[in-house]
$ cat start19.cif   # mmCIF, N, CA and C atoms
data_work
loop_
_atom_site.label_atom_id
_atom_site.label_comp_id
_atom_site.auth_asym_id
_atom_site.auth_seq_id
_atom_site.Cartn_x
_atom_site.Cartn_y
_atom_site.Cartn_z
N GLY C 206 -4.78 17.85 -34.98
CA GLY C 206 -5.91 18.76 -34.99
C GLY C 206 -6.16 19.29 -36.38
N HIS C 207 -7.11 20.14 -36.46
CA HIS C 207 -7.53 20.73 -37.73
C HIS C 207 -6.97 22.14 -37.92
N TRP C 208 -6.17 22.58 -36.94
CA TRP C 208 -5.65 23.94 -37.00
C TRP C 208 -4.46 24.03 -37.93
N GLY C 209 -4.42 25.11 -38.69
CA GLY C 209 -3.27 25.42 -39.52
C GLY C 209 -2.89 26.86 -39.24
N CYS C 210 -1.73 27.25 -39.66
CA CYS C 210 -1.28 28.61 -39.42
C CYS C 210 -1.25 29.35 -40.75
N ALA C 211 -1.76 30.56 -40.76
CA ALA C 211 -1.73 31.36 -41.98
C ALA C 211 -0.29 31.74 -42.30
N ARG C 212 -0.06 32.13 -43.53
CA ARG C 212 1.30 32.47 -43.95
C ARG C 212 1.92 33.57 -43.10
N ASP C 213 1.10 34.59 -42.77
CA ASP C 213 1.66 35.70 -41.99
C ASP C 213 1.71 35.40 -40.49
N LYS C 214 1.17 34.27 -40.09
CA LYS C 214 1.21 33.78 -38.71
C LYS C 214 0.58 34.75 -37.72
N THR C 215 -0.31 35.64 -38.17
CA THR C 215 -0.95 36.55 -37.24
C THR C 215 -2.27 36.00 -36.72
N PHE C 216 -2.75 34.92 -37.28
CA PHE C 216 -3.97 34.31 -36.78
C PHE C 216 -3.93 32.81 -37.05
N LYS C 217 -4.73 32.10 -36.29
CA LYS C 217 -4.88 30.67 -36.51
C LYS C 217 -6.08 30.45 -37.41
N ALA C 218 -6.02 29.42 -38.20
CA ALA C 218 -7.11 29.13 -39.13
C ALA C 218 -7.39 27.64 -39.14
N VAL C 219 -8.61 27.31 -39.48
CA VAL C 219 -8.98 25.92 -39.71
C VAL C 219 -8.84 25.68 -41.21
N ASP C 220 -8.01 24.75 -41.58
CA ASP C 220 -7.72 24.52 -42.99
C ASP C 220 -8.43 23.25 -43.45
N LEU C 221 -9.39 23.42 -44.36
CA LEU C 221 -10.21 22.30 -44.83
C LEU C 221 -9.84 21.85 -46.25
N HIS C 222 -8.70 22.28 -46.76
CA HIS C 222 -8.29 21.84 -48.10
C HIS C 222 -8.34 20.31 -48.19
N TYR C 223 -8.94 19.82 -49.24
CA TYR C 223 -9.02 18.40 -49.59
C TYR C 223 -9.88 17.56 -48.64
N TYR C 224 -10.63 18.21 -47.74
CA TYR C 224 -11.56 17.47 -46.90
C TYR C 224 -12.81 17.16 -47.71
N SER C 225 -13.43 16.03 -47.44
CA SER C 225 -14.75 15.77 -48.02
C SER C 225 -15.75 16.65 -47.28
N ARG C 226 -16.97 16.74 -47.80
CA ARG C 226 -17.99 17.55 -47.12
C ARG C 226 -18.26 17.01 -45.72
N ALA C 227 -18.36 15.69 -45.60
CA ALA C 227 -18.63 15.10 -44.28
C ALA C 227 -17.48 15.36 -43.31
N MET C 228 -16.24 15.21 -43.77
CA MET C 228 -15.09 15.45 -42.90
C MET C 228 -14.98 16.93 -42.54
N ALA C 229 -15.36 17.82 -43.45
CA ALA C 229 -15.34 19.25 -43.14
C ALA C 229 -16.33 19.56 -42.02
N ARG C 230 -17.51 18.97 -42.08
CA ARG C 230 -18.51 19.18 -41.01
C ARG C 230 -17.98 18.64 -39.68
N CYS C 231 -17.38 17.47 -39.69
CA CYS C 231 -16.82 16.89 -38.46
C CYS C 231 -15.70 17.77 -37.90
N ALA C 232 -14.83 18.24 -38.77
CA ALA C 232 -13.72 19.10 -38.33
C ALA C 232 -14.25 20.39 -37.71
N LEU C 233 -15.25 21.00 -38.35
CA LEU C 233 -15.83 22.23 -37.81
C LEU C 233 -16.49 21.99 -36.46
N ALA C 234 -17.20 20.88 -36.32
CA ALA C 234 -17.84 20.55 -35.04
C ALA C 234 -16.77 20.38 -33.96
N ASP C 235 -15.67 19.72 -34.29
CA ASP C 235 -14.58 19.50 -33.35
C ASP C 235 -13.95 20.82 -32.92
N VAL C 236 -13.69 21.69 -33.88
CA VAL C 236 -13.09 22.99 -33.60
C VAL C 236 -14.02 23.84 -32.74
N LEU C 237 -15.30 23.85 -33.07
CA LEU C 237 -16.24 24.65 -32.28
C LEU C 237 -16.38 24.11 -30.86
N ASP C 238 -16.30 22.81 -30.69
CA ASP C 238 -16.29 22.23 -29.34
C ASP C 238 -15.09 22.75 -28.55
N GLU C 239 -13.92 22.82 -29.20
CA GLU C 239 -12.73 23.35 -28.54
C GLU C 239 -12.93 24.80 -28.14
N VAL C 240 -13.50 25.60 -29.03
CA VAL C 240 -13.70 27.02 -28.76
C VAL C 240 -14.65 27.21 -27.59
N VAL C 241 -15.77 26.49 -27.59
CA VAL C 241 -16.76 26.60 -26.52
C VAL C 241 -16.15 26.18 -25.19
N ALA C 242 -15.30 25.16 -25.21
CA ALA C 242 -14.67 24.66 -23.99
C ALA C 242 -13.48 25.51 -23.54
N GLY C 243 -13.12 26.54 -24.34
CA GLY C 243 -12.00 27.39 -23.97
C GLY C 243 -10.65 26.77 -24.23
N ARG C 244 -10.58 25.83 -25.16
CA ARG C 244 -9.32 25.19 -25.52
C ARG C 244 -8.94 25.60 -26.95
N GLY C 245 -7.74 25.32 -27.30
CA GLY C 245 -7.30 25.56 -28.67
C GLY C 245 -6.82 26.98 -28.89
N PRO C 246 -6.40 27.29 -30.10
CA PRO C 246 -5.79 28.58 -30.42
C PRO C 246 -6.70 29.79 -30.23
N LEU C 247 -8.01 29.60 -30.18
CA LEU C 247 -8.91 30.75 -30.08
C LEU C 247 -9.38 31.05 -28.66
N GLU C 248 -8.79 30.42 -27.66
CA GLU C 248 -9.33 30.59 -26.31
C GLU C 248 -9.33 32.04 -25.87
N GLN C 249 -8.41 32.87 -26.37
CA GLN C 249 -8.37 34.28 -25.99
C GLN C 249 -9.14 35.19 -26.95
N ASP C 250 -9.47 34.70 -28.13
CA ASP C 250 -10.09 35.55 -29.15
C ASP C 250 -11.12 34.75 -29.93
N LYS C 251 -12.27 34.53 -29.33
CA LYS C 251 -13.29 33.65 -29.92
C LYS C 251 -13.97 34.26 -31.13
N ASP C 252 -13.79 35.56 -31.39
CA ASP C 252 -14.46 36.20 -32.52
C ASP C 252 -13.64 36.17 -33.79
N SER C 253 -12.50 35.49 -33.79
CA SER C 253 -11.62 35.59 -34.96
C SER C 253 -11.42 34.26 -35.68
N LEU C 254 -12.41 33.39 -35.65
CA LEU C 254 -12.27 32.11 -36.33
C LEU C 254 -12.22 32.32 -37.83
N ARG C 255 -11.19 31.78 -38.46
CA ARG C 255 -11.04 31.84 -39.91
C ARG C 255 -11.04 30.41 -40.43
N ILE C 256 -11.83 30.19 -41.46
CA ILE C 256 -11.94 28.86 -42.03
C ILE C 256 -11.47 28.94 -43.48
N VAL C 257 -10.41 28.24 -43.78
CA VAL C 257 -9.87 28.21 -45.14
C VAL C 257 -10.51 27.02 -45.84
N CYS C 258 -11.38 27.31 -46.78
CA CYS C 258 -12.18 26.25 -47.40
C CYS C 258 -11.47 25.59 -48.57
N GLY C 259 -10.86 26.37 -49.43
CA GLY C 259 -10.17 25.78 -50.56
C GLY C 259 -11.08 24.86 -51.35
N GLN C 260 -10.52 23.78 -51.86
CA GLN C 260 -11.27 22.80 -52.64
C GLN C 260 -11.13 21.44 -51.99
N ASN C 261 -12.18 20.63 -52.15
CA ASN C 261 -12.07 19.27 -51.64
C ASN C 261 -11.39 18.40 -52.70
N ALA C 262 -11.29 17.13 -52.45
CA ALA C 262 -10.58 16.23 -53.36
C ALA C 262 -11.22 16.21 -54.75
N GLY C 263 -12.52 16.50 -54.83
CA GLY C 263 -13.21 16.53 -56.11
C GLY C 263 -13.15 17.89 -56.79
N LYS C 264 -12.30 18.78 -56.28
CA LYS C 264 -12.09 20.14 -56.82
C LYS C 264 -13.31 21.04 -56.67
N ALA C 265 -14.22 20.68 -55.78
CA ALA C 265 -15.39 21.53 -55.51
C ALA C 265 -15.11 22.37 -54.27
N THR C 266 -15.61 23.59 -54.25
CA THR C 266 -15.41 24.44 -53.08
C THR C 266 -16.28 23.96 -51.92
N LEU C 267 -15.78 24.14 -50.72
CA LEU C 267 -16.53 23.75 -49.53
C LEU C 267 -17.30 24.92 -48.93
N ILE C 268 -17.25 26.08 -49.58
CA ILE C 268 -17.94 27.28 -49.06
C ILE C 268 -19.41 27.00 -48.76
N PRO C 269 -20.20 26.46 -49.70
CA PRO C 269 -21.62 26.23 -49.39
C PRO C 269 -21.82 25.29 -48.20
N GLU C 270 -21.00 24.26 -48.10
CA GLU C 270 -21.10 23.32 -46.98
C GLU C 270 -20.80 24.01 -45.65
N VAL C 271 -19.75 24.81 -45.62
CA VAL C 271 -19.37 25.51 -44.40
C VAL C 271 -20.45 26.51 -43.99
N LEU C 272 -20.94 27.30 -44.93
CA LEU C 272 -21.97 28.29 -44.61
C LEU C 272 -23.24 27.62 -44.12
N SER C 273 -23.63 26.53 -44.76
CA SER C 273 -24.82 25.80 -44.34
C SER C 273 -24.65 25.24 -42.93
N PHE C 274 -23.48 24.65 -42.66
CA PHE C 274 -23.21 24.09 -41.34
C PHE C 274 -23.34 25.17 -40.27
N LEU C 275 -22.72 26.32 -40.49
CA LEU C 275 -22.73 27.38 -39.49
C LEU C 275 -24.13 27.98 -39.30
N GLN C 276 -24.90 28.07 -40.39
CA GLN C 276 -26.25 28.63 -40.31
C GLN C 276 -27.23 27.70 -39.61
N HIS C 277 -26.94 26.40 -39.59
CA HIS C 277 -27.86 25.45 -38.98
C HIS C 277 -27.51 25.11 -37.53
N LEU C 278 -26.53 25.80 -36.96
CA LEU C 278 -26.22 25.62 -35.55
C LEU C 278 -27.29 26.32 -34.71
N ASP C 279 -27.36 25.99 -33.44
CA ASP C 279 -28.31 26.64 -32.54
C ASP C 279 -27.54 27.25 -31.37
N PRO C 280 -27.34 28.54 -31.37
CA PRO C 280 -27.79 29.54 -32.34
C PRO C 280 -26.88 29.54 -33.58
N PRO C 281 -27.42 30.03 -34.70
CA PRO C 281 -26.61 30.10 -35.92
C PRO C 281 -25.43 31.04 -35.72
N LEU C 282 -24.31 30.72 -36.36
CA LEU C 282 -23.15 31.61 -36.30
C LEU C 282 -23.11 32.46 -37.56
N GLU C 283 -22.81 33.73 -37.37
CA GLU C 283 -22.67 34.64 -38.51
C GLU C 283 -21.38 34.31 -39.22
N ALA C 284 -21.42 34.24 -40.53
CA ALA C 284 -20.24 33.93 -41.32
C ALA C 284 -20.18 34.85 -42.53
N LEU C 285 -18.98 35.28 -42.83
CA LEU C 285 -18.76 36.14 -43.99
C LEU C 285 -17.68 35.54 -44.86
N VAL C 286 -17.90 35.55 -46.17
CA VAL C 286 -16.88 35.12 -47.11
C VAL C 286 -15.98 36.32 -47.35
N SER C 287 -14.69 36.11 -47.27
CA SER C 287 -13.73 37.19 -47.44
C SER C 287 -13.87 37.85 -48.80
N THR C 288 -13.77 39.17 -48.82
CA THR C 288 -13.79 39.89 -50.10
C THR C 288 -12.42 39.83 -50.78
N MET C 289 -11.38 39.50 -50.02
CA MET C 289 -10.04 39.45 -50.59
C MET C 289 -9.64 38.03 -51.00
N ASN C 290 -10.33 37.02 -50.43
CA ASN C 290 -10.00 35.62 -50.73
C ASN C 290 -11.29 34.84 -50.65
N SER C 291 -11.85 34.47 -51.79
CA SER C 291 -13.18 33.83 -51.83
C SER C 291 -13.17 32.43 -51.25
N GLY C 292 -12.01 31.91 -50.87
CA GLY C 292 -11.93 30.59 -50.26
C GLY C 292 -11.80 30.66 -48.74
N ARG C 293 -12.01 31.84 -48.18
CA ARG C 293 -11.85 32.02 -46.73
C ARG C 293 -13.15 32.55 -46.12
N VAL C 294 -13.54 31.96 -45.01
CA VAL C 294 -14.74 32.37 -44.30
C VAL C 294 -14.33 32.87 -42.92
N TYR C 295 -14.94 33.97 -42.51
CA TYR C 295 -14.71 34.53 -41.16
C TYR C 295 -15.95 34.33 -40.33
#
$ encode --input "start19.cif" --output "structure tokens"
Amino acid sequence: GHWGCARDKTFKAVDLHYYSRAMARCALADVLDEVVAGRGPLEQDKDSLRIVCGQNAGKATLIPEVLSFLQHLDPPLEALVSTMNSGRVY
């Protein structure tokens, strides 16, 4: 799966480090399908999805790709870039 565990292990996160833009979109679609179906780590807390964007293989951030993907869903999902970690989206 695409799930990773944060260092403090208090939440589950989707880790997109080194994914291409296309693979990041596919991974997000897969994760959101799990959430909607009530499967996966977020089945009890659907409002706490964390996406760790990091950099792809070309050292570019995936933040714009992730934000665009989430905004173009129907309905669009609200997303915030963390103020404490610019590579994390909530």
$ residues_around --input "start19.cif" --residues "Leu267 in chain C" --least-positions-apart "6" --cutoff "12 Å" --atoms "only C-alpha atoms" --output "list in words"
Asp220, Leu221, His222, Tyr223, Tyr224, Ser225, Arg226, Ala227, Met228, Ala229, Arg230, Leu233, Ile256, Val257, Cys258, Gly259, Gln260, Asn261, Ser273, Phe274, Val286, Ser291, Gly292, Arg293 and Val294 of chain C
$ resolve_selection --input "start19.cif" --expression "the PyMOL selection byres (((chain C and resi 283 and name CA) around 12) and name CA)" --output "list in words"
Asp252, Ser253, Leu254, Val271, Leu272, Ser273, Phe274, Leu275, Gln276, His277, Leu278, Asp279, Pro280, Pro281, Leu282, Ala284, Leu285, Val286, Val294 and Tyr295 of chain C
$ atom_distance --input "start19.cif" --atom1 "atom N of Ile268 in chain C" --atom2 "atom C of Val241 in chain C"
24.4 Å
$ atom_distance --input "start19.cif" --atom1 "atom C of Arg255 in chain C" --atom2 "atom N of Ala218 in chain C"
5.6 Å
$ atom_distance --input "start19.cif" --atom1 "CA of Glu270 in chain C" --atom2 "CA of Val219 in chain C"
14.4 Å
